[in-house]
Amino acid sequence: MLTRRAMLAASTAALLAGTREAPAQEWPQRPIRIVVPFGPGGGADIIGRIVAQSLQEKLGQPVVIENRPGAAGTLGNEAVARADKDGYTLGMMTAGQIIAAVMNKSLRYDTLTAFDPVSLVATAGLIIVARPDFPASDVKDLIAAAKLNPGKISFASPGFGATQHFTGELFRQTAGIDILHVPFRTSPEAISAVVGKQVDVLFDTISAVLGQVQSGQLKALAVTGRDRFPAVPNVPAAIESGMLPGYDVTTWYGFFAPSGTPPAVIAKLNKTINDSLAEEVVRARLTTVGVVVKGSTPEAFGKHLANEYARWNAVREAAGIALQ
């Protein structure tokens with residue numbers, strides 16, 4: 001009897017193990033949807049489509065981009081959080097969505113528990129620029145001028161609560177200076193205000209202002225990441241000034257799935273994404289749109305998300321920005 005019971009238990013365990021492995025073996029059997037929580041033509045949309053095309057070729061199923069803009073990316077995130085946990089709905093996460101999460105007290109999902117991270121895909125640099133006649137030519141000069149004139153130097157961003165806004169807030173807090181934030185609705189509006197000498201300084205993505213820097217309409221002071229950025233190799237990193245310990249800000253892009261997606265499916269997705277990122281044609285296309293290719297494990301991306309949430313929530317609290 002004991003032998004028969006043991007055999008039955010072993011058979012049942014094997015059956016269950018086979019059932020757990022089946023999703024990865026069978027997946028995918030139909031089209032995969034990637035929810036991009038911003039409109040067509042933006043950075044997340046372009047990067048999502050480049051990776052989606054490669055995934056489609058490798059997985060043998062259509063990979064369709066679905067744009068769901070609104071509420072700083074949180075509407076798209078909610079759609080993914082509520083989707084079936086079967087690997088057929090993925091989402092694209094950016095730094096902006098994490099900042100939106102720390103700003104918003106009424107989200108209908110928990111950013112830290114509603115999703116299973118899949119992989120980081122790329123990072124993109126931000127840059128500090130000024131109007132050409134602004135007296136500061138580097139970060140040291142900017143900090144010195146701000147300390148001599150507290151509250152009188154202004155910095156622009158393309159929106160209250162945007163990644164660029166919080167990048168400026170973290171700069172202000174790290175440097176211990178008082179500078180005035182002037183938000184605009186879009187990057188072009190913010191750029192025009194600095195070019196037109198209505199605002200002194202701008203924090204924005206390198207791709208947004210590269211043309212104006214190259215033409216001399218804007219003066220580059222520093223990039224915000226720890227390392228210099230390939231598109232502007234002669235512009236120093238802000239941290240090189242020695243006055244901003246630990247200051248390292250890049251925007252980033254990655255993929256996630258609803259929490260509870262089978263681990264084997266997550267593993268297959270991660271491997272396929274990282275295989276795509278290793279291909280020269282994919283890397284070249286991503287580099288052309290101004291990002292640095294950076295894959296990861298699901299675990300590393302999950303740690304990155306948690307660290308970003310903690311960092312930007314601390315910046316919000318230090319800036320005295322109330323939950324919206």
# chains A, B, ... in the order shown; residues from 1 in each chain; ligands from 1
$ closest_atom_pairs --of "region 28-80 of chain A" --to "region 238-260 of chain A" --cutoff "10 Å" --atoms "only C-alpha atoms" --output "tab-separated table"
residue	atom	partner	partner_atom	distance
A:Ile34	CA	A:Phe255	CA	8.6
A:Val35	CA	A:Phe255	CA	9.6
A:Val36	CA	A:Phe255	CA	9.7
A:Gly43	CA	A:Tyr253	CA	8.9
A:Ala44	CA	A:Tyr253	CA	6.9
A:Ile47	CA	A:Tyr253	CA	8.0
A:Gly48	CA	A:Tyr253	CA	8.7
A:Asn77	CA	A:Pro258	CA	9.3
A:Glu78	CA	A:Pro258	CA	9.7
A:Ala79	CA	A:Pro258	CA	9.3
A:Val80	CA	A:Pro258	CA	5.9
$ select_by_dssp --residues "region 59-125 of chain A" --states "strand (DSSP E)" --output "PDB file with all heavy atoms, in the first residue's frame"
ATOM      1  N   VAL A  63       3.603  40.556 -32.742  1.00  0.00           N
ATOM      2  CA  VAL A  63       3.782  41.342 -31.517  1.00  0.00           C
ATOM      3  C   VAL A  63       3.292  42.747 -31.844  1.00  0.00           C
ATOM      4  O   VAL A  63       3.890  43.462 -32.644  1.00  0.00           O
ATOM      5  CB  VAL A  63       5.250  41.357 -31.052  1.00  0.00           C
ATOM      6  CG1 VAL A  63       5.401  42.192 -29.781  1.00  0.00           C
ATOM      7  CG2 VAL A  63       5.738  39.931 -30.802  1.00  0.00           C
ATOM      8  N   VAL A  64       2.182  43.127 -31.233  1.00  0.00           N
ATOM      9  CA  VAL A  64       1.459  44.340 -31.606  1.00  0.00           C
ATOM     10  C   VAL A  64       1.622  45.410 -30.536  1.00  0.00           C
ATOM     11  O   VAL A  64       1.447  45.143 -29.338  1.00  0.00           O
ATOM     12  CB  VAL A  64      -0.042  44.025 -31.802  1.00  0.00           C
ATOM     13  CG1 VAL A  64      -0.800  45.274 -32.211  1.00  0.00           C
ATOM     14  CG2 VAL A  64      -0.229  42.915 -32.829  1.00  0.00           C
ATOM     15  N   ILE A  65       1.946  46.620 -30.959  1.00  0.00           N
ATOM     16  CA  ILE A  65       2.024  47.760 -30.039  1.00  0.00           C
ATOM     17  C   ILE A  65       0.639  48.385 -29.900  1.00  0.00           C
ATOM     18  O   ILE A  65      -0.037  48.666 -30.886  1.00  0.00           O
ATOM     19  CB  ILE A  65       3.015  48.826 -30.554  1.00  0.00           C
ATOM     20  CG1 ILE A  65       4.437  48.270 -30.588  1.00  0.00           C
ATOM     21  CG2 ILE A  65       2.935  50.093 -29.684  1.00  0.00           C
ATOM     22  CD1 ILE A  65       5.036  47.968 -29.235  1.00  0.00           C
ATOM     23  N   GLU A  66       0.214  48.585 -28.659  1.00  0.00           N
ATOM     24  CA  GLU A  66      -1.048  49.270 -28.378  1.00  0.00           C
ATOM     25  C   GLU A  66      -0.746  50.529 -27.575  1.00  0.00           C
ATOM     26  O   GLU A  66      -0.301  50.449 -26.430  1.00  0.00           O
ATOM     27  CB  GLU A  66      -1.992  48.369 -27.587  1.00  0.00           C
ATOM     28  CG  GLU A  66      -3.322  49.041 -27.251  1.00  0.00           C
ATOM     29  CD  GLU A  66      -4.237  48.138 -26.441  1.00  0.00           C
ATOM     30  OE1 GLU A  66      -4.316  46.937 -26.757  1.00  0.00           O
ATOM     31  OE2 GLU A  66      -4.858  48.639 -25.482  1.00  0.00           O
ATOM     32  N   ASN A  67      -0.955  51.687 -28.169  1.00  0.00           N
ATOM     33  CA  ASN A  67      -0.716  52.962 -27.476  1.00  0.00           C
ATOM     34  C   ASN A  67      -1.908  53.300 -26.589  1.00  0.00           C
ATOM     35  O   ASN A  67      -3.049  53.336 -27.054  1.00  0.00           O
ATOM     36  CB  ASN A  67      -0.482  54.087 -28.481  1.00  0.00           C
ATOM     37  CG  ASN A  67       0.767  53.872 -29.305  1.00  0.00           C
ATOM     38  OD1 ASN A  67       0.695  53.415 -30.447  1.00  0.00           O
ATOM     39  ND2 ASN A  67       1.922  54.188 -28.760  1.00  0.00           N
ATOM     40  N   THR A  89       0.087  39.852 -22.644  1.00  0.00           N
ATOM     41  CA  THR A  89       0.036  41.305 -22.476  1.00  0.00           C
ATOM     42  C   THR A  89       1.265  41.745 -21.696  1.00  0.00           C
ATOM     43  O   THR A  89       1.497  41.277 -20.569  1.00  0.00           O
ATOM     44  CB  THR A  89      -1.226  41.760 -21.732  1.00  0.00           C
ATOM     45  OG1 THR A  89      -2.386  41.382 -22.478  1.00  0.00           O
ATOM     46  CG2 THR A  89      -1.229  43.277 -21.563  1.00  0.00           C
ATOM     47  N   LEU A  90       2.038  42.622 -22.306  1.00  0.00           N
ATOM     48  CA  LEU A  90       3.210  43.198 -21.664  1.00  0.00           C
ATOM     49  C   LEU A  90       3.039  44.708 -21.621  1.00  0.00           C
ATOM     50  O   LEU A  90       2.194  45.275 -22.320  1.00  0.00           O
ATOM     51  CB  LEU A  90       4.484  42.850 -22.434  1.00  0.00           C
ATOM     52  CG  LEU A  90       4.750  41.377 -22.726  1.00  0.00           C
ATOM     53  CD1 LEU A  90       6.003  41.234 -23.585  1.00  0.00           C
ATOM     54  CD2 LEU A  90       4.872  40.591 -21.444  1.00  0.00           C
ATOM     55  N   GLY A  91       3.838  45.368 -20.828  1.00  0.00           N
ATOM     56  CA  GLY A  91       3.826  46.808 -20.775  1.00  0.00           C
ATOM     57  C   GLY A  91       5.229  47.364 -20.886  1.00  0.00           C
ATOM     58  O   GLY A  91       6.214  46.647 -20.705  1.00  0.00           O
ATOM     59  N   MET A  92       5.304  48.639 -21.194  1.00  0.00           N
ATOM     60  CA  MET A  92       6.593  49.320 -21.245  1.00  0.00           C
ATOM     61  C   MET A  92       6.644  50.307 -20.087  1.00  0.00           C
ATOM     62  O   MET A  92       5.732  51.116 -19.902  1.00  0.00           O
ATOM     63  CB  MET A  92       6.754  50.050 -22.564  1.00  0.00           C
ATOM     64  CG  MET A  92       8.148  50.561 -22.792  1.00  0.00           C
ATOM     65  SD  MET A  92       8.635  50.277 -24.488  1.00  0.00           S
ATOM     66  CE  MET A  92      10.401  50.370 -24.324  1.00  0.00           C
ATOM     67  N   MET A  93       7.702  50.221 -19.305  1.00  0.00           N
ATOM     68  CA  MET A  93       7.879  51.095 -18.141  1.00  0.00           C
ATOM     69  C   MET A  93       9.027  52.056 -18.391  1.00  0.00           C
ATOM     70  O   MET A  93      10.042  51.691 -18.992  1.00  0.00           O
ATOM     71  CB  MET A  93       8.171  50.250 -16.904  1.00  0.00           C
ATOM     72  CG  MET A  93       8.209  51.037 -15.599  1.00  0.00           C
ATOM     73  SD  MET A  93       6.560  51.510 -15.032  1.00  0.00           S
ATOM     74  CE  MET A  93       6.006  49.955 -14.320  1.00  0.00           C
ATOM     75  N   THR A  94       8.851  53.293 -17.927  1.00  0.00           N
ATOM     76  CA  THR A  94       9.892  54.314 -18.028  1.00  0.00           C
ATOM     77  C   THR A  94      10.046  55.003 -16.676  1.00  0.00           C
ATOM     78  O   THR A  94       9.215  54.843 -15.777  1.00  0.00           O
ATOM     79  CB  THR A  94       9.534  55.370 -19.087  1.00  0.00           C
ATOM     80  OG1 THR A  94       8.418  56.147 -18.612  1.00  0.00           O
ATOM     81  CG2 THR A  94       9.169  54.736 -20.422  1.00  0.00           C
ATOM     82  N   PHE A 115       3.190  44.179 -10.876  1.00  0.00           N
ATOM     83  CA  PHE A 115       3.870  43.781 -12.098  1.00  0.00           C
ATOM     84  C   PHE A 115       5.022  42.820 -11.831  1.00  0.00           C
ATOM     85  O   PHE A 115       5.655  42.857 -10.779  1.00  0.00           O
ATOM     86  CB  PHE A 115       4.417  45.020 -12.822  1.00  0.00           C
ATOM     87  CG  PHE A 115       3.388  46.102 -13.013  1.00  0.00           C
ATOM     88  CD1 PHE A 115       3.552  47.352 -12.429  1.00  0.00           C
ATOM     89  CD2 PHE A 115       2.252  45.874 -13.757  1.00  0.00           C
ATOM     90  CE1 PHE A 115       2.613  48.353 -12.596  1.00  0.00           C
ATOM     91  CE2 PHE A 115       1.292  46.858 -13.929  1.00  0.00           C
ATOM     92  CZ  PHE A 115       1.475  48.107 -13.353  1.00  0.00           C
ATOM     93  N   ASP A 116       5.281  41.986 -12.822  1.00  0.00           N
ATOM     94  CA  ASP A 116       6.479  41.157 -12.833  1.00  0.00           C
ATOM     95  C   ASP A 116       7.467  41.774 -13.812  1.00  0.00           C
ATOM     96  O   ASP A 116       7.163  41.892 -15.009  1.00  0.00           O
ATOM     97  CB  ASP A 116       6.159  39.731 -13.286  1.00  0.00           C
ATOM     98  CG  ASP A 116       5.474  38.908 -12.211  1.00  0.00           C
ATOM     99  OD1 ASP A 116       5.628  39.254 -11.026  1.00  0.00           O
ATOM    100  OD2 ASP A 116       4.789  37.928 -12.559  1.00  0.00           O
ATOM    101  N   PRO A 117       8.638  42.200 -13.351  1.00  0.00           N
ATOM    102  CA  PRO A 117       9.629  42.773 -14.263  1.00  0.00           C
ATOM    103  C   PRO A 117      10.133  41.717 -15.234  1.00  0.00           C
ATOM    104  O   PRO A 117      10.291  40.551 -14.868  1.00  0.00           O
ATOM    105  CB  PRO A 117      10.740  43.258 -13.330  1.00  0.00           C
ATOM    106  CG  PRO A 117      10.578  42.444 -12.092  1.00  0.00           C
ATOM    107  CD  PRO A 117       9.128  42.156 -11.958  1.00  0.00           C
ATOM    108  N   VAL A 118      10.387  42.141 -16.470  1.00  0.00           N
ATOM    109  CA  VAL A 118      10.903  41.233 -17.493  1.00  0.00           C
ATOM    110  C   VAL A 118      12.346  41.587 -17.841  1.00  0.00           C
ATOM    111  O   VAL A 118      13.249  40.777 -17.684  1.00  0.00           O
ATOM    112  CB  VAL A 118      10.030  41.248 -18.760  1.00  0.00           C
ATOM    113  CG1 VAL A 118      10.645  40.372 -19.851  1.00  0.00           C
ATOM    114  CG2 VAL A 118       8.617  40.779 -18.436  1.00  0.00           C
ATOM    115  N   SER A 119      12.575  42.830 -18.300  1.00  0.00           N
ATOM    116  CA  SER A 119      13.945  43.226 -18.642  1.00  0.00           C
ATOM    117  C   SER A 119      14.051  44.720 -18.866  1.00  0.00           C
ATOM    118  O   SER A 119      13.142  45.347 -19.420  1.00  0.00           O
ATOM    119  CB  SER A 119      14.412  42.513 -19.918  1.00  0.00           C
ATOM    120  OG  SER A 119      15.750  42.860 -20.238  1.00  0.00           O
ATOM    121  N   LEU A 120      15.148  45.277 -18.426  1.00  0.00           N
ATOM    122  CA  LEU A 120      15.546  46.612 -18.870  1.00  0.00           C
ATOM    123  C   LEU A 120      15.952  46.503 -20.337  1.00  0.00           C
ATOM    124  O   LEU A 120      16.442  45.465 -20.782  1.00  0.00           O
ATOM    125  CB  LEU A 120      16.719  47.107 -18.025  1.00  0.00           C
ATOM    126  CG  LEU A 120      17.224  48.537 -18.260  1.00  0.00           C
ATOM    127  CD1 LEU A 120      16.183  49.555 -17.834  1.00  0.00           C
ATOM    128  CD2 LEU A 120      18.524  48.759 -17.485  1.00  0.00           C
ATOM    129  N   VAL A 121      15.734  47.572 -21.097  1.00  0.00           N
ATOM    130  CA  VAL A 121      16.061  47.556 -22.522  1.00  0.00           C
ATOM    131  C   VAL A 121      17.099  48.614 -22.879  1.00  0.00           C
ATOM    132  O   VAL A 121      18.033  48.347 -23.635  1.00  0.00           O
ATOM    133  CB  VAL A 121      14.779  47.769 -23.366  1.00  0.00           C
ATOM    134  CG1 VAL A 121      15.121  48.000 -24.832  1.00  0.00           C
ATOM    135  CG2 VAL A 121      13.850  46.573 -23.234  1.00  0.00           C
ATOM    136  N   ALA A 122      16.949  49.813 -22.325  1.00  0.00           N
ATOM    137  CA  ALA A 122      17.851  50.897 -22.717  1.00  0.00           C
ATOM    138  C   ALA A 122      17.781  52.025 -21.706  1.00  0.00           C
ATOM    139  O   ALA A 122      16.828  52.135 -20.939  1.00  0.00           O
ATOM    140  CB  ALA A 122      17.484  51.427 -24.102  1.00  0.00           C
ATOM    141  N   THR A 123      18.816  52.846 -21.714  1.00  0.00           N
ATOM    142  CA  THR A 123      18.821  54.086 -20.946  1.00  0.00           C
ATOM    143  C   THR A 123      19.053  55.249 -21.901  1.00  0.00           C
ATOM    144  O   THR A 123      19.552  55.059 -23.014  1.00  0.00           O
ATOM    145  CB  THR A 123      19.918  54.087 -19.870  1.00  0.00           C
ATOM    146  OG1 THR A 123      21.200  53.990 -20.507  1.00  0.00           O
ATOM    147  CG2 THR A 123      19.747  52.930 -18.912  1.00  0.00           C
ATOM    148  N   ALA A 124      18.666  56.438 -21.476  1.00  0.00           N
ATOM    149  CA  ALA A 124      18.866  57.627 -22.302  1.00  0.00           C
ATOM    150  C   ALA A 124      19.321  58.775 -21.424  1.00  0.00           C
ATOM    151  O   ALA A 124      18.864  58.927 -20.283  1.00  0.00           O
ATOM    152  CB  ALA A 124      17.579  58.002 -23.036  1.00  0.00           C
ATOM    153  N   GLY A 125      20.228  59.561 -21.943  1.00  0.00           N
ATOM    154  CA  GLY A 125      20.800  60.638 -21.157  1.00  0.00           C
ATOM    155  C   GLY A 125      19.921  61.877 -21.103  1.00  0.00           C
ATOM    156  O   GLY A 125      19.119  62.141 -21.999  1.00  0.00           O
TER     157      GLY A 125
END
$ atom_distance --atom1 "CA of Phe38 (chain A)" --atom2 "CA of Arg68 (chain A)"
5.9 Å
$ closest_atom_pairs --of "region 185-215 of chain A" --to "region 131-135 of chain A" --cutoff "12 Å" --atoms "only C-alpha atoms" --output "JSON lines"
{"residue": "A:Ala190", "atom": "CA", "partner": "A:Arg131", "partner_atom": "CA", "distance": 11.7}
{"residue": "A:Ile191", "atom": "CA", "partner": "A:Arg131", "partner_atom": "CA", "distance": 9.5}
{"residue": "A:Ser192", "atom": "CA", "partner": "A:Arg131", "partner_atom": "CA", "distance": 10.1}
{"residue": "A:Ala193", "atom": "CA", "partner": "A:Arg131", "partner_atom": "CA", "distance": 9.3}
{"residue": "A:Val194", "atom": "CA", "partner": "A:Arg131", "partner_atom": "CA", "distance": 5.6}
{"residue": "A:Val195", "atom": "CA", "partner": "A:Arg131", "partner_atom": "CA", "distance": 5.7}
{"residue": "A:Gly196", "atom": "CA", "partner": "A:Arg131", "partner_atom": "CA", "distance": 8.0}
{"residue": "A:Lys197", "atom": "CA", "partner": "A:Arg131", "partner_atom": "CA", "distance": 6.3}
{"residue": "A:Gln198", "atom": "CA", "partner": "A:Arg131", "partner_atom": "CA", "distance": 9.2}
{"residue": "A:Val199", "atom": "CA", "partner": "A:Arg131", "partner_atom": "CA", "distance": 8.0}
{"residue": "A:Asp200", "atom": "CA", "partner": "A:Arg131", "partner_atom": "CA", "distance": 6.0}
{"residue": "A:Val201", "atom": "CA", "partner": "A:Arg131", "partner_atom": "CA", "distance": 6.7}
{"residue": "A:Leu202", "atom": "CA", "partner": "A:Arg131", "partner_atom": "CA", "distance": 8.7}
{"residue": "A:Val209", "atom": "CA", "partner": "A:Arg131", "partner_atom": "CA", "distance": 12.0}
{"residue": "A:Gln212", "atom": "CA", "partner": "A:Arg131", "partner_atom": "CA", "distance": 10.3}
{"residue": "A:Val213", "atom": "CA", "partner": "A:Pro132", "partner_atom": "CA", "distance": 9.6}
{"residue": "A:Ser215", "atom": "CA", "partner": "A:Pro132", "partner_atom": "CA", "distance": 10.9}
$ write_last_selection --atoms "C-alpha atoms" --output "JSON list (two decimals), in the first residue's frame"
[["chain", "number", "residue", "atom", "x", "y", "z"],
["A", 190, "ALA", "CA", 10.48, 74.80, -22.59],
["A", 191, "ILE", "CA", 13.26, 75.01, -25.16],
["A", 192, "SER", "CA", 11.74, 78.11, -26.73],
["A", 193, "ALA", "CA", 11.55, 79.78, -23.31],
["A", 194, "VAL", "CA", 15.27, 79.24, -22.68],
["A", 195, "VAL", "CA", 16.29, 80.21, -26.21],
["A", 196, "GLY", "CA", 14.10, 83.30, -25.82],
["A", 197, "LYS", "CA", 15.83, 84.15, -22.51],
["A", 198, "GLN", "CA", 12.66, 83.88, -20.45],
["A", 199, "VAL", "CA", 14.22, 81.09, -18.36],
["A", 200, "ASP", "CA", 17.89, 80.52, -17.54],
["A", 201, "VAL", "CA", 18.42, 76.77, -17.54],
["A", 202, "LEU", "CA", 16.70, 73.65, -18.86],
["A", 209, "VAL", "CA", 17.88, 69.63, -27.40],
["A", 212, "GLN", "CA", 19.90, 73.55, -30.49],
["A", 213, "VAL", "CA", 23.17, 72.65, -28.76],
["A", 215, "SER", "CA", 23.57, 75.15, -33.61]]
$ select_by_dssp --residues "region 131-178 of chain A" --states "helix (DSSP H, G or I)" --output "ChimeraX atom specification"
/A:139-148,163-175
$ write_last_selection --atoms "N, CA, C and O atoms" --output "mmCIF file, in the first residue's frame"
data_model
loop_
_atom_site.group_PDB
_atom_site.id
_atom_site.type_symbol
_atom_site.label_atom_id
_atom_site.label_comp_id
_atom_site.auth_asym_id
_atom_site.auth_seq_id
_atom_site.Cartn_x
_atom_site.Cartn_y
_atom_site.Cartn_z
ATOM 1 N N VAL A 139 28.862 73.261 -14.396
ATOM 2 C CA VAL A 139 28.090 73.018 -13.184
ATOM 3 C C VAL A 139 28.611 73.816 -11.998
ATOM 4 O O VAL A 139 27.835 74.361 -11.204
ATOM 5 N N LYS A 140 29.932 73.913 -11.870
ATOM 6 C CA LYS A 140 30.498 74.692 -10.768
ATOM 7 C C LYS A 140 30.034 76.140 -10.827
ATOM 8 O O LYS A 140 29.657 76.735 -9.806
ATOM 9 N N ASP A 141 30.063 76.719 -12.024
ATOM 10 C CA ASP A 141 29.612 78.106 -12.189
ATOM 11 C C ASP A 141 28.128 78.243 -11.861
ATOM 12 O O ASP A 141 27.702 79.223 -11.238
ATOM 13 N N LEU A 142 27.330 77.265 -12.300
ATOM 14 C CA LEU A 142 25.887 77.321 -12.047
ATOM 15 C C LEU A 142 25.604 77.280 -10.551
ATOM 16 O O LEU A 142 24.796 78.071 -10.033
ATOM 17 N N ILE A 143 26.263 76.378 -9.837
ATOM 18 C CA ILE A 143 26.041 76.266 -8.397
ATOM 19 C C ILE A 143 26.504 77.538 -7.681
ATOM 20 O O ILE A 143 25.812 78.054 -6.784
ATOM 21 N N ALA A 144 27.641 78.065 -8.094
ATOM 22 C CA ALA A 144 28.156 79.285 -7.478
ATOM 23 C C ALA A 144 27.199 80.454 -7.696
ATOM 24 O O ALA A 144 26.919 81.240 -6.778
ATOM 25 N N ALA A 145 26.687 80.583 -8.928
ATOM 26 C CA ALA A 145 25.753 81.679 -9.237
ATOM 27 C C ALA A 145 24.470 81.538 -8.438
ATOM 28 O O ALA A 145 23.908 82.534 -7.958
ATOM 29 N N ALA A 146 23.991 80.292 -8.284
ATOM 30 C CA ALA A 146 22.755 80.070 -7.537
ATOM 31 C C ALA A 146 22.934 80.392 -6.059
ATOM 32 O O ALA A 146 22.006 80.902 -5.405
ATOM 33 N N LYS A 147 24.114 80.135 -5.525
ATOM 34 C CA LYS A 147 24.348 80.434 -4.111
ATOM 35 C C LYS A 147 24.479 81.937 -3.870
ATOM 36 O O LYS A 147 24.129 82.428 -2.797
ATOM 37 N N LEU A 148 24.970 82.654 -4.878
ATOM 38 C CA LEU A 148 25.050 84.106 -4.763
ATOM 39 C C LEU A 148 23.701 84.779 -4.958
ATOM 40 O O LEU A 148 23.461 85.882 -4.456
ATOM 41 N N THR A 163 9.982 63.598 -15.549
ATOM 42 C CA THR A 163 11.328 63.142 -15.187
ATOM 43 C C THR A 163 12.300 64.308 -15.165
ATOM 44 O O THR A 163 13.151 64.414 -14.271
ATOM 45 N N GLN A 164 12.171 65.206 -16.150
ATOM 46 C CA GLN A 164 13.080 66.353 -16.236
ATOM 47 C C GLN A 164 12.918 67.272 -15.026
ATOM 48 O O GLN A 164 13.905 67.831 -14.519
ATOM 49 N N HIS A 165 11.677 67.457 -14.567
ATOM 50 C CA HIS A 165 11.431 68.276 -13.382
ATOM 51 C C HIS A 165 12.134 67.671 -12.167
ATOM 52 O O HIS A 165 12.849 68.359 -11.432
ATOM 53 N N PHE A 166 11.962 66.372 -11.955
ATOM 54 C CA PHE A 166 12.554 65.732 -10.790
ATOM 55 C C PHE A 166 14.071 65.643 -10.906
ATOM 56 O O PHE A 166 14.781 65.642 -9.889
ATOM 57 N N THR A 167 14.585 65.576 -12.141
ATOM 58 C CA THR A 167 16.037 65.620 -12.332
ATOM 59 C C THR A 167 16.588 66.952 -11.841
ATOM 60 O O THR A 167 17.631 67.012 -11.181
ATOM 61 N N GLY A 168 15.873 68.041 -12.146
ATOM 62 C CA GLY A 168 16.253 69.367 -11.659
ATOM 63 C C GLY A 168 16.103 69.490 -10.159
ATOM 64 O O GLY A 168 16.940 70.106 -9.480
ATOM 65 N N GLU A 169 15.041 68.895 -9.599
ATOM 66 C CA GLU A 169 14.835 68.939 -8.150
ATOM 67 C C GLU A 169 15.960 68.207 -7.423
ATOM 68 O O GLU A 169 16.464 68.674 -6.399
ATOM 69 N N LEU A 170 16.356 67.050 -7.955
ATOM 70 C CA LEU A 170 17.443 66.305 -7.323
ATOM 71 C C LEU A 170 18.754 67.081 -7.413
ATOM 72 O O LEU A 170 19.551 67.088 -6.465
ATOM 73 N N PHE A 171 18.973 67.759 -8.530
ATOM 74 C CA PHE A 171 20.161 68.614 -8.677
ATOM 75 C C PHE A 171 20.148 69.705 -7.611
ATOM 76 O O PHE A 171 21.152 69.949 -6.934
ATOM 77 N N ARG A 172 19.013 70.359 -7.451
ATOM 78 C CA ARG A 172 18.881 71.434 -6.464
ATOM 79 C C ARG A 172 19.159 70.918 -5.060
ATOM 80 O O ARG A 172 19.890 71.542 -4.283
ATOM 81 N N GLN A 173 18.595 69.760 -4.723
ATOM 82 C CA GLN A 173 18.776 69.202 -3.387
ATOM 83 C C GLN A 173 20.212 68.747 -3.149
ATOM 84 O O GLN A 173 20.773 68.974 -2.071
ATOM 85 N N THR A 174 20.812 68.116 -4.154
ATOM 86 C CA THR A 174 22.185 67.609 -3.993
ATOM 87 C C THR A 174 23.181 68.753 -3.871
ATOM 88 O O THR A 174 24.133 68.689 -3.074
ATOM 89 N N ALA A 175 22.963 69.820 -4.654
ATOM 90 C CA ALA A 175 23.871 70.966 -4.631
ATOM 91 C C ALA A 175 23.601 71.898 -3.457
ATOM 92 O O ALA A 175 24.440 72.742 -3.126
#
$ closest_atom_pairs --of "region 44-132 of chain A" --to "region 149-162 of chain A" --cutoff "12 Å" --atoms "only C-alpha atoms" --output "JSON lines"
{"residue": "A:Ala71", "atom": "CA", "partner": "A:Gly161", "partner_atom": "CA", "distance": 11.2}
{"residue": "A:Ala72", "atom": "CA", "partner": "A:Ala162", "partner_atom": "CA", "distance": 8.2}
{"residue": "A:Gly73", "atom": "CA", "partner": "A:Ala162", "partner_atom": "CA", "distance": 11.0}
{"residue": "A:Thr94", "atom": "CA", "partner": "A:Ala162", "partner_atom": "CA", "distance": 11.2}
{"residue": "A:Ala95", "atom": "CA", "partner": "A:Ala162", "partner_atom": "CA", "distance": 9.1}
{"residue": "A:Gly96", "atom": "CA", "partner": "A:Ala162", "partner_atom": "CA", "distance": 6.1}
{"residue": "A:Gln97", "atom": "CA", "partner": "A:Ala162", "partner_atom": "CA", "distance": 9.0}
{"residue": "A:Ile98", "atom": "CA", "partner": "A:Ala162", "partner_atom": "CA", "distance": 10.1}
{"residue": "A:Ile99", "atom": "CA", "partner": "A:Gly161", "partner_atom": "CA", "distance": 6.9}
{"residue": "A:Ala100", "atom": "CA", "partner": "A:Gly161", "partner_atom": "CA", "distance": 6.9}
{"residue": "A:Ala101", "atom": "CA", "partner": "A:Gly161", "partner_atom": "CA", "distance": 10.1}
{"residue": "A:Val102", "atom": "CA", "partner": "A:Gly161", "partner_atom": "CA", "distance": 9.5}
{"residue": "A:Met103", "atom": "CA", "partner": "A:Gly161", "partner_atom": "CA", "distance": 7.3}
{"residue": "A:Asn104", "atom": "CA", "partner": "A:Gly161", "partner_atom": "CA", "distance": 10.0}
{"residue": "A:Leu126", "atom": "CA", "partner": "A:Ser157", "partner_atom": "CA", "distance": 11.5}
{"residue": "A:Ile127", "atom": "CA", "partner": "A:Ser157", "partner_atom": "CA", "distance": 11.4}
{"residue": "A:Ile128", "atom": "CA", "partner": "A:Phe155", "partner_atom": "CA", "distance": 9.4}
{"residue": "A:Val129", "atom": "CA", "partner": "A:Phe155", "partner_atom": "CA", "distance": 9.5}
{"residue": "A:Ala130", "atom": "CA", "partner": "A:Phe155", "partner_atom": "CA", "distance": 8.8}
{"residue": "A:Arg131", "atom": "CA", "partner": "A:Phe155", "partner_atom": "CA", "distance": 10.8}
$ atom_distance --atom1 "CA of Thr297 (chain A)" --atom2 "CA of Glu57 (chain A)"
21.3 Å
$ residues_around --residues "Pro28 (chain A)" --least-positions-apart "2" --cutoff "12 Å" --atoms "only C-alpha atoms" --output "list in words"
Ala22, Pro23, Ala24, Gln25, Glu26, Arg30, Pro31, Ile32, Arg33, Leu55, Gln56, Lys58, Leu59, Gly60, Gln61, Pro62, Val63, Asp86, Gly87, Tyr88, Thr89, Ala264, Val265, Ile266, Lys268 and Leu269 of chain A
$ residues_around --residues "Pro69 (chain A)" --least-positions-apart "5" --cutoff "9 Å" --atoms "only C-alpha atoms" --output "ChimeraX atom specification"
/A:36-40,74-76
$ write_last_selection --atoms "C-alpha atoms" --output "PDB file, in the first residue's frame"
ATOM      1  CA  VAL A  36       2.940  51.592 -24.563  1.00  0.00           C
ATOM      2  CA  PRO A  37       1.375  54.133 -22.186  1.00  0.00           C
ATOM      3  CA  PHE A  38       2.242  57.123 -24.371  1.00  0.00           C
ATOM      4  CA  GLY A  39       1.256  58.319 -27.828  1.00  0.00           C
ATOM      5  CA  PRO A  40       2.825  57.259 -31.125  1.00  0.00           C
ATOM      6  CA  THR A  74      -0.548  55.323 -15.451  1.00  0.00           C
ATOM      7  CA  LEU A  75      -3.592  54.491 -17.626  1.00  0.00           C
ATOM      8  CA  GLY A  76      -1.517  52.091 -19.682  1.00  0.00           C
TER       9      GLY A  76
END
